[in-house]
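File shown here: target_8.tsv, holding TSV, C-alpha atoms.
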chain	number	residue	atom	x	y	z
A	1	MET	CA	47.52	-8.23	-73.60
A	2	ASN	CA	47.66	-7.24	-77.23
A	3	GLN	CA	46.79	-8.95	-80.40
A	4	ASN	CA	46.94	-6.31	-83.11
A	5	LYS	CA	44.49	-8.20	-85.27
A	6	PRO	CA	41.51	-6.08	-86.31
A	7	ASN	CA	42.18	-4.28	-89.55
A	8	GLY	CA	38.82	-4.38	-91.35
A	9	ARG	CA	40.34	-5.72	-94.57
A	10	GLN	CA	37.64	-8.41	-94.75
A	11	ILE	CA	35.09	-5.76	-95.71
A	12	GLY	CA	37.31	-3.19	-97.34
A	13	TRP	CA	38.08	-0.97	-94.33
A	14	GLU	CA	41.58	0.39	-93.92
A	15	ARG	CA	43.10	0.88	-90.46
A	16	LEU	CA	45.04	4.16	-90.39
A	17	ASP	CA	46.01	4.37	-86.72
A	18	THR	CA	45.67	2.61	-83.35
A	19	HIS	CA	46.10	4.11	-79.91
A	20	TYR	CA	45.12	3.24	-76.33
A	21	PRO	CA	43.56	6.25	-74.60
A	22	TYR	CA	42.84	4.41	-71.32
A	23	GLU	CA	44.59	1.55	-69.53
A	24	TYR	CA	43.52	-0.29	-66.38
A	25	PRO	CA	44.78	-3.60	-64.95
A	26	LEU	CA	41.71	-5.57	-66.17
A	27	PHE	CA	41.25	-3.94	-69.58
A	28	ARG	CA	42.28	-1.12	-71.86
A	29	ILE	CA	40.46	0.98	-74.43
A	30	ARG	CA	41.65	0.69	-78.01
A	31	GLN	CA	40.72	3.41	-80.47
A	32	ASP	CA	41.37	2.91	-84.19
A	33	ARG	CA	41.13	5.41	-87.02
A	34	LEU	CA	39.56	3.78	-90.08
A	35	ARG	CA	38.94	4.67	-93.70
A	36	LEU	CA	35.69	3.19	-95.02
A	37	PRO	CA	35.27	2.06	-98.65
A	38	ASP	CA	33.55	5.34	-99.56
A	39	GLY	CA	36.65	7.27	-98.46
A	40	GLN	CA	35.14	8.59	-95.21
A	41	GLU	CA	37.23	8.36	-92.04
A	42	THR	CA	35.82	7.30	-88.69
A	43	ASP	CA	36.91	6.23	-85.19
A	44	TYR	CA	36.14	2.80	-83.72
A	45	ALA	CA	36.75	2.26	-80.00
A	46	TYR	CA	36.31	-0.86	-77.92
A	47	MET	CA	37.38	-2.53	-74.68
A	48	GLU	CA	40.30	-4.90	-75.11
A	49	ASN	CA	41.17	-7.64	-72.62
A	50	PRO	CA	42.84	-11.03	-72.84
A	51	GLY	CA	39.71	-13.09	-72.09
A	52	ALA	CA	38.34	-14.94	-69.10
A	53	VAL	CA	37.04	-18.32	-67.92
A	54	TRP	CA	33.72	-19.46	-66.41
A	55	ILE	CA	33.55	-22.74	-64.52
A	56	VAL	CA	30.36	-24.73	-63.88
A	57	PRO	CA	31.21	-26.96	-60.90
A	58	LEU	CA	29.30	-30.25	-60.57
A	59	THR	CA	29.85	-31.90	-57.19
A	60	THR	CA	30.44	-35.61	-56.60
A	61	ASP	CA	26.79	-35.85	-55.45
A	62	GLY	CA	25.43	-34.19	-58.60
A	63	GLN	CA	24.77	-30.64	-57.40
A	64	LEU	CA	25.97	-27.35	-58.89
A	65	VAL	CA	28.08	-24.82	-57.01
A	66	LEU	CA	26.68	-21.32	-57.50
A	67	ILE	CA	28.09	-18.21	-55.89
A	68	ARG	CA	26.49	-14.97	-54.83
A	69	GLN	CA	28.86	-12.07	-55.23
A	70	TYR	CA	28.69	-8.33	-54.59
A	71	ARG	CA	29.41	-6.44	-57.84
A	72	TYR	CA	30.32	-2.80	-57.48
A	73	ALA	CA	29.67	-1.85	-61.14
A	74	VAL	CA	25.97	-2.66	-60.72
A	75	ASP	CA	25.81	-2.17	-56.91
A	76	ALA	CA	24.08	-5.54	-56.52
A	77	TRP	CA	24.56	-9.10	-55.32
A	78	CYS	CA	24.67	-11.37	-58.39
A	79	TRP	CA	24.18	-15.11	-58.75
A	80	GLU	CA	27.12	-16.43	-60.74
A	81	VAL	CA	29.42	-19.37	-61.28
A	82	PRO	CA	33.14	-19.11	-60.43
A	83	ALA	CA	35.07	-17.11	-63.03
A	84	GLY	CA	38.26	-15.17	-63.54
A	85	GLY	CA	40.23	-13.11	-66.04
A	86	LEU	CA	43.38	-14.07	-67.92
A	87	HIS	CA	44.86	-10.61	-67.30
A	88	ASP	CA	46.90	-11.77	-64.31
A	89	HIS	CA	47.47	-15.41	-65.34
A	90	ASP	CA	50.47	-16.75	-67.24
A	91	GLY	CA	49.10	-20.23	-68.02
A	92	SER	CA	46.28	-21.66	-70.12
A	93	PRO	CA	42.55	-21.02	-69.69
A	94	GLU	CA	42.34	-24.57	-68.26
A	95	SER	CA	44.90	-23.88	-65.54
A	96	LEU	CA	43.12	-20.60	-64.70
A	97	ALA	CA	39.83	-22.51	-64.43
A	98	ARG	CA	41.41	-24.87	-61.87
A	99	ARG	CA	42.91	-21.91	-59.99
A	100	GLU	CA	39.60	-19.98	-59.82
A	101	LEU	CA	37.69	-23.08	-58.73
A	102	ALA	CA	40.13	-23.42	-55.83
A	103	GLU	CA	40.38	-19.72	-54.96
A	104	GLU	CA	36.71	-18.71	-55.19
A	105	VAL	CA	34.95	-21.74	-53.69
A	106	GLY	CA	37.74	-23.96	-52.33
A	107	GLY	CA	37.05	-26.63	-54.97
A	108	VAL	CA	39.07	-29.35	-56.67
A	109	CYS	CA	37.71	-31.54	-59.47
A	110	ASP	CA	38.30	-34.98	-60.99
A	111	GLU	CA	37.79	-33.81	-64.56
A	112	LEU	CA	37.67	-30.47	-66.38
A	113	ILE	CA	35.77	-30.44	-69.70
A	114	TYR	CA	36.20	-27.61	-72.21
A	115	VAL	CA	32.64	-26.80	-73.28
A	116	GLY	CA	33.46	-23.95	-75.67
A	117	TRP	CA	34.05	-20.24	-76.13
A	118	HIS	CA	32.10	-17.18	-77.18
A	119	TYR	CA	32.58	-13.44	-77.50
A	120	ALA	CA	31.32	-11.40	-74.53
A	121	GLY	CA	29.85	-8.76	-76.81
A	122	CYS	CA	31.45	-8.33	-80.18
A	123	SER	CA	30.45	-4.72	-80.87
A	124	ILE	CA	32.36	-2.90	-78.10
A	125	GLN	CA	34.65	-5.60	-76.65
A	126	ASN	CA	37.03	-8.28	-77.89
A	127	GLU	CA	36.74	-10.48	-74.76
A	128	VAL	CA	36.72	-14.23	-75.38
A	129	CYS	CA	34.82	-16.20	-72.71
A	130	HIS	CA	35.93	-19.81	-72.15
A	131	VAL	CA	33.40	-22.15	-70.53
A	132	PHE	CA	34.43	-25.23	-68.53
A	133	LEU	CA	32.45	-27.96	-66.81
A	134	ALA	CA	34.21	-29.29	-63.70
A	135	ARG	CA	33.04	-32.78	-62.74
A	136	GLY	CA	33.59	-34.59	-59.47
A	137	VAL	CA	34.00	-31.36	-57.51
A	138	ARG	CA	34.81	-31.48	-53.78
A	139	LEU	CA	34.77	-28.26	-51.74
A	140	ASP	CA	37.40	-29.37	-49.25
A	141	ARG	CA	39.88	-26.50	-49.46
A	142	GLU	CA	39.91	-23.05	-47.90
A	143	PRO	CA	38.98	-20.40	-50.53
A	144	GLN	CA	41.78	-17.84	-51.22
A	145	ARG	CA	39.88	-14.76	-52.27
A	146	GLU	CA	41.36	-11.53	-53.56
A	147	PRO	CA	40.80	-8.23	-51.70
A	148	GLY	CA	37.42	-6.86	-52.76
A	149	GLU	CA	35.94	-10.30	-53.54
A	150	THR	CA	32.81	-10.73	-51.42
A	151	ILE	CA	31.43	-14.19	-52.17
A	152	GLU	CA	28.89	-16.62	-50.69
A	153	VAL	CA	28.94	-20.27	-51.83
A	154	HIS	CA	25.59	-21.99	-52.52
A	155	VAL	CA	25.55	-25.68	-53.40
A	156	THR	CA	22.33	-26.00	-55.40
A	157	PRO	CA	20.41	-29.01	-56.75
A	158	LEU	CA	21.11	-29.45	-60.47
A	159	ASP	CA	17.55	-29.00	-61.73
A	160	GLU	CA	17.05	-25.94	-59.53
A	161	ALA	CA	20.23	-24.26	-60.80
A	162	LEU	CA	19.32	-24.92	-64.45
A	163	ALA	CA	15.79	-23.63	-63.88
A	164	LEU	CA	17.23	-20.43	-62.38
A	165	ALA	CA	19.35	-19.94	-65.52
A	166	ARG	CA	16.56	-20.82	-67.97
A	167	GLY	CA	14.10	-18.58	-66.16
A	168	GLY	CA	16.34	-15.51	-66.31
A	169	HIS	CA	17.05	-15.41	-62.57
A	170	ILE	CA	20.85	-15.64	-62.95
A	171	LYS	CA	21.33	-11.95	-63.69
A	172	ASP	CA	24.98	-12.29	-64.65
A	173	GLY	CA	24.51	-13.13	-68.33
A	174	LYS	CA	27.83	-14.93	-68.76
A	175	SER	CA	27.11	-17.23	-65.81
A	176	ALA	CA	23.62	-17.95	-67.15
A	177	LEU	CA	25.04	-18.79	-70.58
A	178	ALA	CA	27.78	-20.98	-69.06
A	179	LEU	CA	25.11	-22.99	-67.21
A	180	LEU	CA	22.92	-23.36	-70.31
A	181	LEU	CA	25.87	-24.37	-72.52
A	182	CYS	CA	26.75	-27.08	-69.97
A	183	GLU	CA	23.18	-28.42	-69.85
A	184	PRO	CA	23.68	-31.06	-72.59
A	185	TYR	CA	26.75	-32.39	-70.73
A	186	LEU	CA	24.92	-32.40	-67.38
A	187	LYS	CA	21.99	-34.38	-68.75
A	188	GLU	CA	24.24	-37.18	-70.05
A	189	ARG	CA	25.29	-38.23	-66.55
B	1	MET	CA	23.72	8.23	-69.68
B	2	ASN	CA	24.47	8.46	-66.01
B	3	GLN	CA	23.02	6.85	-63.01
B	4	ASN	CA	25.32	7.71	-60.14
B	5	LYS	CA	24.27	4.62	-58.27
B	6	PRO	CA	27.24	2.48	-57.22
B	7	ASN	CA	28.56	3.52	-53.86
B	8	GLY	CA	29.54	0.24	-52.22
B	9	ARG	CA	27.63	1.00	-49.02
B	10	GLN	CA	26.04	-2.45	-49.13
B	11	ILE	CA	29.35	-4.00	-48.13
B	12	GLY	CA	30.91	-1.14	-46.25
B	13	TRP	CA	32.87	0.53	-49.06
B	14	GLU	CA	32.97	4.31	-49.21
B	15	ARG	CA	33.06	6.12	-52.57
B	16	LEU	CA	35.45	9.05	-52.34
B	17	ASP	CA	35.47	10.27	-55.94
B	18	THR	CA	34.09	9.57	-59.44
B	19	HIS	CA	35.49	10.70	-62.76
B	20	TYR	CA	35.19	9.73	-66.41
B	21	PRO	CA	38.62	9.40	-68.02
B	22	TYR	CA	37.28	8.30	-71.44
B	23	GLU	CA	34.08	9.07	-73.33
B	24	TYR	CA	32.87	7.64	-76.63
B	25	PRO	CA	29.40	7.77	-78.21
B	26	LEU	CA	28.56	4.14	-77.27
B	27	PHE	CA	30.09	4.06	-73.78
B	28	ARG	CA	32.27	5.85	-71.28
B	29	ILE	CA	34.76	4.70	-68.66
B	30	ARG	CA	33.92	5.49	-65.06
B	31	GLN	CA	36.68	5.39	-62.46
B	32	ASP	CA	35.83	5.58	-58.76
B	33	ARG	CA	38.12	6.04	-55.80
B	34	LEU	CA	37.00	3.81	-52.92
B	35	ARG	CA	37.90	3.29	-49.28
B	36	LEU	CA	37.57	-0.35	-48.22
B	37	PRO	CA	36.49	-1.35	-44.70
B	38	ASP	CA	40.12	-1.90	-43.64
B	39	GLY	CA	40.88	1.74	-44.50
B	40	GLN	CA	42.80	0.98	-47.71
B	41	GLU	CA	42.02	3.08	-50.77
B	42	THR	CA	41.65	1.61	-54.27
B	43	ASP	CA	40.43	2.50	-57.76
B	44	TYR	CA	37.55	0.69	-59.48
B	45	ALA	CA	36.99	1.30	-63.19
B	46	TYR	CA	34.32	-0.04	-65.49
B	47	MET	CA	32.52	0.58	-68.77
B	48	GLU	CA	29.27	2.49	-68.38
B	49	ASN	CA	26.51	2.51	-70.99
B	50	PRO	CA	22.74	2.90	-70.90
B	51	GLY	CA	21.92	-0.69	-71.92
B	52	ALA	CA	20.81	-2.41	-75.08
B	53	VAL	CA	18.14	-4.71	-76.53
B	54	TRP	CA	18.29	-8.11	-78.25
B	55	ILE	CA	15.35	-9.29	-80.35
B	56	VAL	CA	14.62	-12.92	-81.26
B	57	PRO	CA	12.35	-12.71	-84.35
B	58	LEU	CA	9.95	-15.60	-84.96
B	59	THR	CA	8.38	-15.44	-88.42
B	60	THR	CA	4.73	-16.10	-89.20
B	61	ASP	CA	5.79	-19.52	-90.53
B	62	GLY	CA	7.69	-20.43	-87.34
B	63	GLN	CA	11.30	-19.78	-88.34
B	64	LEU	CA	13.90	-17.62	-86.60
B	65	VAL	CA	15.62	-14.65	-88.22
B	66	LEU	CA	19.36	-14.80	-87.57
B	67	ILE	CA	21.86	-12.31	-88.91
B	68	ARG	CA	25.51	-12.63	-89.83
B	69	GLN	CA	27.38	-9.43	-89.16
B	70	TYR	CA	30.97	-8.28	-89.55
B	71	ARG	CA	32.35	-7.16	-86.17
B	72	TYR	CA	35.47	-5.04	-86.24
B	73	ALA	CA	36.41	-5.55	-82.57
B	74	VAL	CA	36.95	-9.27	-83.19
B	75	ASP	CA	37.62	-9.01	-86.98
B	76	ALA	CA	35.10	-11.77	-87.65
B	77	TRP	CA	31.66	-12.47	-89.07
B	78	CYS	CA	29.35	-13.33	-86.15
B	79	TRP	CA	26.01	-15.11	-86.03
B	80	GLU	CA	23.65	-12.93	-84.01
B	81	VAL	CA	20.09	-11.81	-83.55
B	82	PRO	CA	19.07	-8.17	-84.21
B	83	ALA	CA	20.16	-5.83	-81.41
B	84	GLY	CA	20.86	-2.22	-80.64
B	85	GLY	CA	22.00	0.18	-77.94
B	86	LEU	CA	19.93	2.68	-75.97
B	87	HIS	CA	22.71	5.30	-76.31
B	88	ASP	CA	21.02	7.01	-79.27
B	89	HIS	CA	17.38	6.23	-78.46
B	90	ASP	CA	15.00	8.46	-76.52
B	91	GLY	CA	12.19	5.93	-76.02
B	92	SER	CA	11.72	2.67	-74.14
B	93	PRO	CA	13.63	-0.59	-74.70
B	94	GLU	CA	10.44	-1.90	-76.37
B	95	SER	CA	10.32	0.90	-78.92
B	96	LEU	CA	14.04	0.41	-79.61
B	97	ALA	CA	13.40	-3.32	-80.16
B	98	ARG	CA	10.76	-2.48	-82.79
B	99	ARG	CA	13.10	0.05	-84.41
B	100	GLU	CA	16.06	-2.36	-84.60
B	101	LEU	CA	13.86	-5.15	-85.97
B	102	ALA	CA	12.82	-2.79	-88.78
B	103	GLU	CA	16.24	-1.23	-89.39
B	104	GLU	CA	18.45	-4.34	-89.26
B	105	VAL	CA	16.29	-6.94	-91.03
B	106	GLY	CA	13.30	-5.00	-92.41
B	107	GLY	CA	10.93	-6.72	-89.99
B	108	VAL	CA	7.60	-5.88	-88.36
B	109	CYS	CA	5.88	-8.08	-85.77
B	110	ASP	CA	2.39	-8.79	-84.44
B	111	GLU	CA	3.52	-9.10	-80.83
B	112	LEU	CA	6.60	-8.18	-78.80
B	113	ILE	CA	7.13	-10.16	-75.59
B	114	TYR	CA	9.53	-8.96	-72.86
B	115	VAL	CA	11.48	-12.08	-71.91
B	116	GLY	CA	13.75	-10.48	-69.31
B	117	TRP	CA	17.01	-8.69	-68.59
B	118	HIS	CA	20.51	-9.54	-67.44
B	119	TYR	CA	23.83	-7.84	-66.86
B	120	ALA	CA	26.30	-8.13	-69.76
B	121	GLY	CA	29.19	-8.73	-67.38
B	122	CYS	CA	28.89	-7.30	-63.92
B	123	SER	CA	32.59	-7.05	-63.05
B	124	ILE	CA	33.76	-4.47	-65.62
B	125	GLN	CA	30.50	-3.15	-67.13
B	126	ASN	CA	27.12	-1.92	-65.95
B	127	GLU	CA	25.30	-2.74	-69.22
B	128	VAL	CA	21.75	-4.08	-68.85
B	129	CYS	CA	20.68	-6.37	-71.72
B	130	HIS	CA	16.94	-6.54	-72.45
B	131	VAL	CA	15.69	-9.61	-74.34
B	132	PHE	CA	12.53	-9.57	-76.47
B	133	LEU	CA	10.74	-12.25	-78.45
B	134	ALA	CA	9.01	-10.86	-81.56
B	135	ARG	CA	6.18	-13.08	-82.82
B	136	GLY	CA	4.45	-12.99	-86.17
B	137	VAL	CA	7.43	-11.38	-87.88
B	138	ARG	CA	7.21	-10.43	-91.56
B	139	LEU	CA	10.32	-9.23	-93.42
B	140	ASP	CA	8.49	-6.98	-95.84
B	141	ARG	CA	10.32	-3.69	-95.35
B	142	GLU	CA	13.60	-2.38	-96.67
B	143	PRO	CA	16.29	-2.49	-93.91
B	144	GLN	CA	17.68	0.96	-92.96
B	145	ARG	CA	21.19	0.16	-91.79
B	146	GLU	CA	23.64	2.57	-90.23
B	147	PRO	CA	27.00	3.28	-91.91
B	148	GLY	CA	29.41	0.52	-90.90
B	149	GLU	CA	26.66	-2.09	-90.41
B	150	THR	CA	27.44	-5.04	-92.69
B	151	ILE	CA	24.65	-7.56	-92.19
B	152	GLU	CA	23.32	-10.68	-93.94
B	153	VAL	CA	19.82	-11.96	-93.05
B	154	HIS	CA	19.34	-15.74	-92.62
B	155	VAL	CA	15.85	-17.09	-91.98
B	156	THR	CA	16.58	-20.35	-90.14
B	157	PRO	CA	14.37	-23.27	-89.08
B	158	LEU	CA	13.56	-22.98	-85.37
B	159	ASP	CA	15.16	-26.24	-84.24
B	160	GLU	CA	18.29	-25.54	-86.26
B	161	ALA	CA	18.70	-22.07	-84.75
B	162	LEU	CA	18.23	-23.37	-81.20
B	163	ALA	CA	20.68	-26.20	-81.85
B	164	LEU	CA	23.25	-23.65	-83.07
B	165	ALA	CA	22.83	-21.71	-79.80
B	166	ARG	CA	22.87	-24.77	-77.56
B	167	GLY	CA	25.90	-26.20	-79.33
B	168	GLY	CA	27.99	-23.06	-78.88
B	169	HIS	CA	28.01	-22.12	-82.57
B	170	ILE	CA	26.47	-18.66	-82.03
B	171	LYS	CA	29.73	-17.00	-81.04
B	172	ASP	CA	28.10	-13.74	-79.94
B	173	GLY	CA	27.32	-14.71	-76.34
B	174	LYS	CA	24.47	-12.24	-75.89
B	175	SER	CA	22.68	-13.51	-78.99
B	176	ALA	CA	23.16	-17.13	-77.86
B	177	LEU	CA	21.73	-16.30	-74.44
B	178	ALA	CA	18.80	-14.39	-75.97
B	179	LEU	CA	17.91	-17.45	-78.06
B	180	LEU	CA	18.19	-19.84	-75.10
B	181	LEU	CA	16.13	-17.55	-72.83
B	182	CYS	CA	13.39	-17.49	-75.50
B	183	GLU	CA	13.38	-21.28	-75.85
B	184	PRO	CA	10.60	-21.91	-73.27
B	185	TYR	CA	8.40	-19.36	-75.08
B	186	LEU	CA	9.15	-20.86	-78.50
B	187	LYS	CA	8.25	-24.36	-77.38
B	188	GLU	CA	4.78	-23.30	-76.17
B	189	ARG	CA	3.61	-22.40	-79.70

Could you render the structure as structure tokens?
Amino acid sequence: MNQNKPNGRQIGWERLDTHYPYEYPLFRIRQDRLRLPDGQETDYAYMENPGAVWIVPLTTDGQLVLIRQYRYAVDAWCWEVPAGGLHDHDGSPESLARRELAEEVGGVCDELIYVGWHYAGCSIQNEVCHVFLARGVRLDREPQREPGETIEVHVTPLDEALALARGGHIKDGKSALALLLCEPYLKER
Amino acid sequence: MNQNKPNGRQIGWERLDTHYPYEYPLFRIRQDRLRLPDGQETDYAYMENPGAVWIVPLTTDGQLVLIRQYRYAVDAWCWEVPAGGLHDHDGSPESLARRELAEEVGGVCDELIYVGWHYAGCSIQNEVCHVFLARGVRLDREPQREPGETIEVHVTPLDEALALARGGHIKDGKSALALLLCEPYLKER
């Protein structure tokens, strides 16, 4: 999962040491020892993972496929769009997007558009989030969910789904942002 | 920083054990041992922190205050809005929002509006992100930045800032979402 990139040279920091005090299948913690320009030394720790994809699925009849998923870390059911991490995927973000669309909601699409990427939270993580719009989606396959995935599928009228995101009702921030970043593409139908 | 909340009971999981294999001032890693409904045992680990605030500052002359900040975790300069974590703050999210507005960009505001909250990423974190719109902002104080904060202040025309967010050019996802969630409030001026 590594890129050994951060070194702080851009602003005159010097990286003295890197180690990984915690490793888990989905992420690991990286802790660097740094020397700042004034000579002081400090530690900088953050969560490192190889990135993930979010897919906004637009059906052939112009509706959006939202999911409602139980999330243990917040002990709540969250409205989301299909998503998945690159930690257990050998191919490209695009091929992972197709895989997650099939596995989580049983979907296939006519066209997959790369909308863009952003950092999940650039102070304590290095995760890159890739956002895709899937057009011409048909939910005609059987979902293949992983153990521990508890998901309901909700096909939702386009305007209603966008209003949920805009109004702050999609509590998973990355799903809300994925929907809002797709809005310009959805309006050009 | 703890709430000992997640237990999985909502979907029939049983929490057998909780420990914290890594602690850092800004976050810690929580690892739970769980028994799933089929009797299998598994580990679930995630990043735990007490939440953070994002502030979208609208100046008295109707412009938005963006910042450009060096972020070590991604070794890049990121466009963002002012923000800060509750890990070193005793008061409310609102009082932290006022503090960060002053410290990061030297700003004070006439009015602070609570726009809403979302989860940063509910699969591997429990972080709650609070979004505020600050109206009537004046940048007439001296910023009081923490060591390691390398920040440029960019007062940006409203439409330009929103277009940057909508177009995926604000690479810090939480700042982009904060801007887009404020958009309905900004348009009602």

Rows by chain and residue number, chain B within 8 Å of chain A, shortest pair, only C-alpha atoms, as JSON lines:
{"residue": "B:Lys5", "atom": "CA", "partner": "A:Asp75", "partner_atom": "CA", "distance": 7.1}
{"residue": "B:Pro6", "atom": "CA", "partner": "A:Asp75", "partner_atom": "CA", "distance": 4.9}
{"residue": "B:Asn7", "atom": "CA", "partner": "A:Asp75", "partner_atom": "CA", "distance": 7.0}
{"residue": "B:Gly8", "atom": "CA", "partner": "A:Tyr72", "partner_atom": "CA", "distance": 6.1}
{"residue": "B:Gln10", "atom": "CA", "partner": "A:Asp75", "partner_atom": "CA", "distance": 7.8}
{"residue": "B:Ile11", "atom": "CA", "partner": "A:Tyr70", "partner_atom": "CA", "distance": 7.8}
{"residue": "B:Pro21", "atom": "CA", "partner": "A:Tyr22", "partner_atom": "CA", "distance": 7.3}
{"residue": "B:Tyr22", "atom": "CA", "partner": "A:Tyr22", "partner_atom": "CA", "distance": 6.8}
{"residue": "B:Tyr24", "atom": "CA", "partner": "A:Ala45", "partner_atom": "CA", "distance": 7.4}
{"residue": "B:Leu36", "atom": "CA", "partner": "A:Gly148", "partner_atom": "CA", "distance": 7.9}
{"residue": "B:Ala45", "atom": "CA", "partner": "A:Tyr24", "partner_atom": "CA", "distance": 7.4}
{"residue": "B:Tyr46", "atom": "CA", "partner": "A:Ala73", "partner_atom": "CA", "distance": 6.6}
{"residue": "B:Tyr70", "atom": "CA", "partner": "A:Ile11", "partner_atom": "CA", "distance": 7.8}
{"residue": "B:Arg71", "atom": "CA", "partner": "A:Ser123", "partner_atom": "CA", "distance": 6.1}
{"residue": "B:Tyr72", "atom": "CA", "partner": "A:Pro6", "partner_atom": "CA", "distance": 6.1}
{"residue": "B:Ala73", "atom": "CA", "partner": "A:Asn126", "partner_atom": "CA", "distance": 5.5}
{"residue": "B:Val74", "atom": "CA", "partner": "A:Asn126", "partner_atom": "CA", "distance": 5.4}
{"residue": "B:Asp75", "atom": "CA", "partner": "A:Pro6", "partner_atom": "CA", "distance": 4.9}
{"residue": "B:Gly116", "atom": "CA", "partner": "A:Gly168", "partner_atom": "CA", "distance": 6.4}
{"residue": "B:Trp117", "atom": "CA", "partner": "A:Gly168", "partner_atom": "CA", "distance": 7.2}
{"residue": "B:His118", "atom": "CA", "partner": "A:Lys171", "partner_atom": "CA", "distance": 4.5}
{"residue": "B:Tyr119", "atom": "CA", "partner": "A:Asp172", "partner_atom": "CA", "distance": 5.1}
{"residue": "B:Ala120", "atom": "CA", "partner": "A:Gly173", "partner_atom": "CA", "distance": 5.5}
{"residue": "B:Gly121", "atom": "CA", "partner": "A:Asp172", "partner_atom": "CA", "distance": 6.2}
{"residue": "B:Cys122", "atom": "CA", "partner": "A:Arg71", "partner_atom": "CA", "distance": 6.2}
{"residue": "B:Ser123", "atom": "CA", "partner": "A:Arg71", "partner_atom": "CA", "distance": 6.1}
{"residue": "B:Ile124", "atom": "CA", "partner": "A:Ala73", "partner_atom": "CA", "distance": 6.6}
{"residue": "B:Gln125", "atom": "CA", "partner": "A:Ala73", "partner_atom": "CA", "distance": 6.2}
{"residue": "B:Asn126", "atom": "CA", "partner": "A:Val74", "partner_atom": "CA", "distance": 5.4}
{"residue": "B:Gly148", "atom": "CA", "partner": "A:Leu36", "partner_atom": "CA", "distance": 8.0}
{"residue": "B:Arg166", "atom": "CA", "partner": "A:Leu181", "partner_atom": "CA", "distance": 5.9}
{"residue": "B:Gly167", "atom": "CA", "partner": "A:Leu181", "partner_atom": "CA", "distance": 7.1}
{"residue": "B:Gly168", "atom": "CA", "partner": "A:Gly116", "partner_atom": "CA", "distance": 6.4}
{"residue": "B:Ile170", "atom": "CA", "partner": "A:His118", "partner_atom": "CA", "distance": 7.6}
{"residue": "B:Lys171", "atom": "CA", "partner": "A:His118", "partner_atom": "CA", "distance": 4.5}
{"residue": "B:Asp172", "atom": "CA", "partner": "A:Tyr119", "partner_atom": "CA", "distance": 5.1}
{"residue": "B:Gly173", "atom": "CA", "partner": "A:His118", "partner_atom": "CA", "distance": 5.4}
{"residue": "B:Lys174", "atom": "CA", "partner": "A:Gly121", "partner_atom": "CA", "distance": 6.5}
{"residue": "B:Ala176", "atom": "CA", "partner": "A:Leu177", "partner_atom": "CA", "distance": 7.7}
{"residue": "B:Leu177", "atom": "CA", "partner": "A:Leu177", "partner_atom": "CA", "distance": 5.7}
{"residue": "B:Leu180", "atom": "CA", "partner": "A:Arg166", "partner_atom": "CA", "distance": 7.4}
{"residue": "B:Leu181", "atom": "CA", "partner": "A:Arg166", "partner_atom": "CA", "distance": 5.9}

- Item | Sphere at (13.6, -17.6, -81.7), radius 9 Å, counting only C-alpha atoms: residues as an NGL selection string | :B and (55-59 or 62-66 or 81 or 133-135 or 158 or 161-162 or 178-180 or 182-183 or 185-186)

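For the atom pair formed by CA of Glu94 (chain B) and CA of Pro50 (chain B), the distance is 14.3 Å, given to one decimal.
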
- Message: Under the rule that all atoms listed in the file are counted, which of B:Asp88, B:Glu160, B:Glu103, B:Glu111 is the nearest residue to Asn49 (chain B)?
- Response: B:Asp88

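The space between CA of Arg68 (chain A) and CA of Gly85 (chain B) spans 28.0 Å.
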
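One distance worth recording is that between CA of Val53 (chain B) and CA of Phe132 (chain B), which is 7.4 Å.
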
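Here the question is which of A:Trp79, A:Asp110, A:Arg15, A:Leu101 gets nearest to Leu164 (chain A) using all atoms listed in the file, and that residue is A:Trp79.
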
Output region 12-20 of chain B as a PDB file, in the frame of the given file, making sure N, CA and C atoms are there.
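Contents of selection.pdb, as written:
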ATOM      1  N   GLY B  12      30.028  -1.935 -47.091  1.00  0.00           N
ATOM      2  CA  GLY B  12      30.910  -1.140 -46.250  1.00  0.00           C
ATOM      3  C   GLY B  12      32.022  -0.404 -46.988  1.00  0.00           C
ATOM      4  N   TRP B  13      31.914  -0.282 -48.329  1.00  0.00           N
ATOM      5  CA  TRP B  13      32.870   0.530 -49.060  1.00  0.00           C
ATOM      6  C   TRP B  13      32.388   1.969 -49.061  1.00  0.00           C
ATOM      7  N   GLU B  14      33.341   2.899 -49.150  1.00  0.00           N
ATOM      8  CA  GLU B  14      32.970   4.310 -49.210  1.00  0.00           C
ATOM      9  C   GLU B  14      33.515   4.908 -50.512  1.00  0.00           C
ATOM     10  N   ARG B  15      32.625   5.495 -51.312  1.00  0.00           N
ATOM     11  CA  ARG B  15      33.060   6.120 -52.570  1.00  0.00           C
ATOM     12  C   ARG B  15      33.567   7.520 -52.287  1.00  0.00           C
ATOM     13  N   LEU B  16      34.826   7.766 -52.630  1.00  0.00           N
ATOM     14  CA  LEU B  16      35.450   9.050 -52.340  1.00  0.00           C
ATOM     15  C   LEU B  16      35.385   9.996 -53.538  1.00  0.00           C
ATOM     16  N   ASP B  17      35.393   9.419 -54.750  1.00  0.00           N
ATOM     17  CA  ASP B  17      35.470  10.270 -55.940  1.00  0.00           C
ATOM     18  C   ASP B  17      35.019   9.477 -57.159  1.00  0.00           C
ATOM     19  N   THR B  18      34.446  10.170 -58.147  1.00  0.00           N
ATOM     20  CA  THR B  18      34.090   9.570 -59.440  1.00  0.00           C
ATOM     21  C   THR B  18      34.567  10.487 -60.544  1.00  0.00           C
ATOM     22  N   HIS B  19      35.256   9.908 -61.545  1.00  0.00           N
ATOM     23  CA  HIS B  19      35.490  10.700 -62.760  1.00  0.00           C
ATOM     24  C   HIS B  19      35.408   9.790 -63.982  1.00  0.00           C
ATOM     25  N   TYR B  20      35.412  10.440 -65.144  1.00  0.00           N
ATOM     26  CA  TYR B  20      35.190   9.730 -66.410  1.00  0.00           C
ATOM     27  C   TYR B  20      36.391   9.972 -67.324  1.00  0.00           C
TER      28      TYR B  20
END
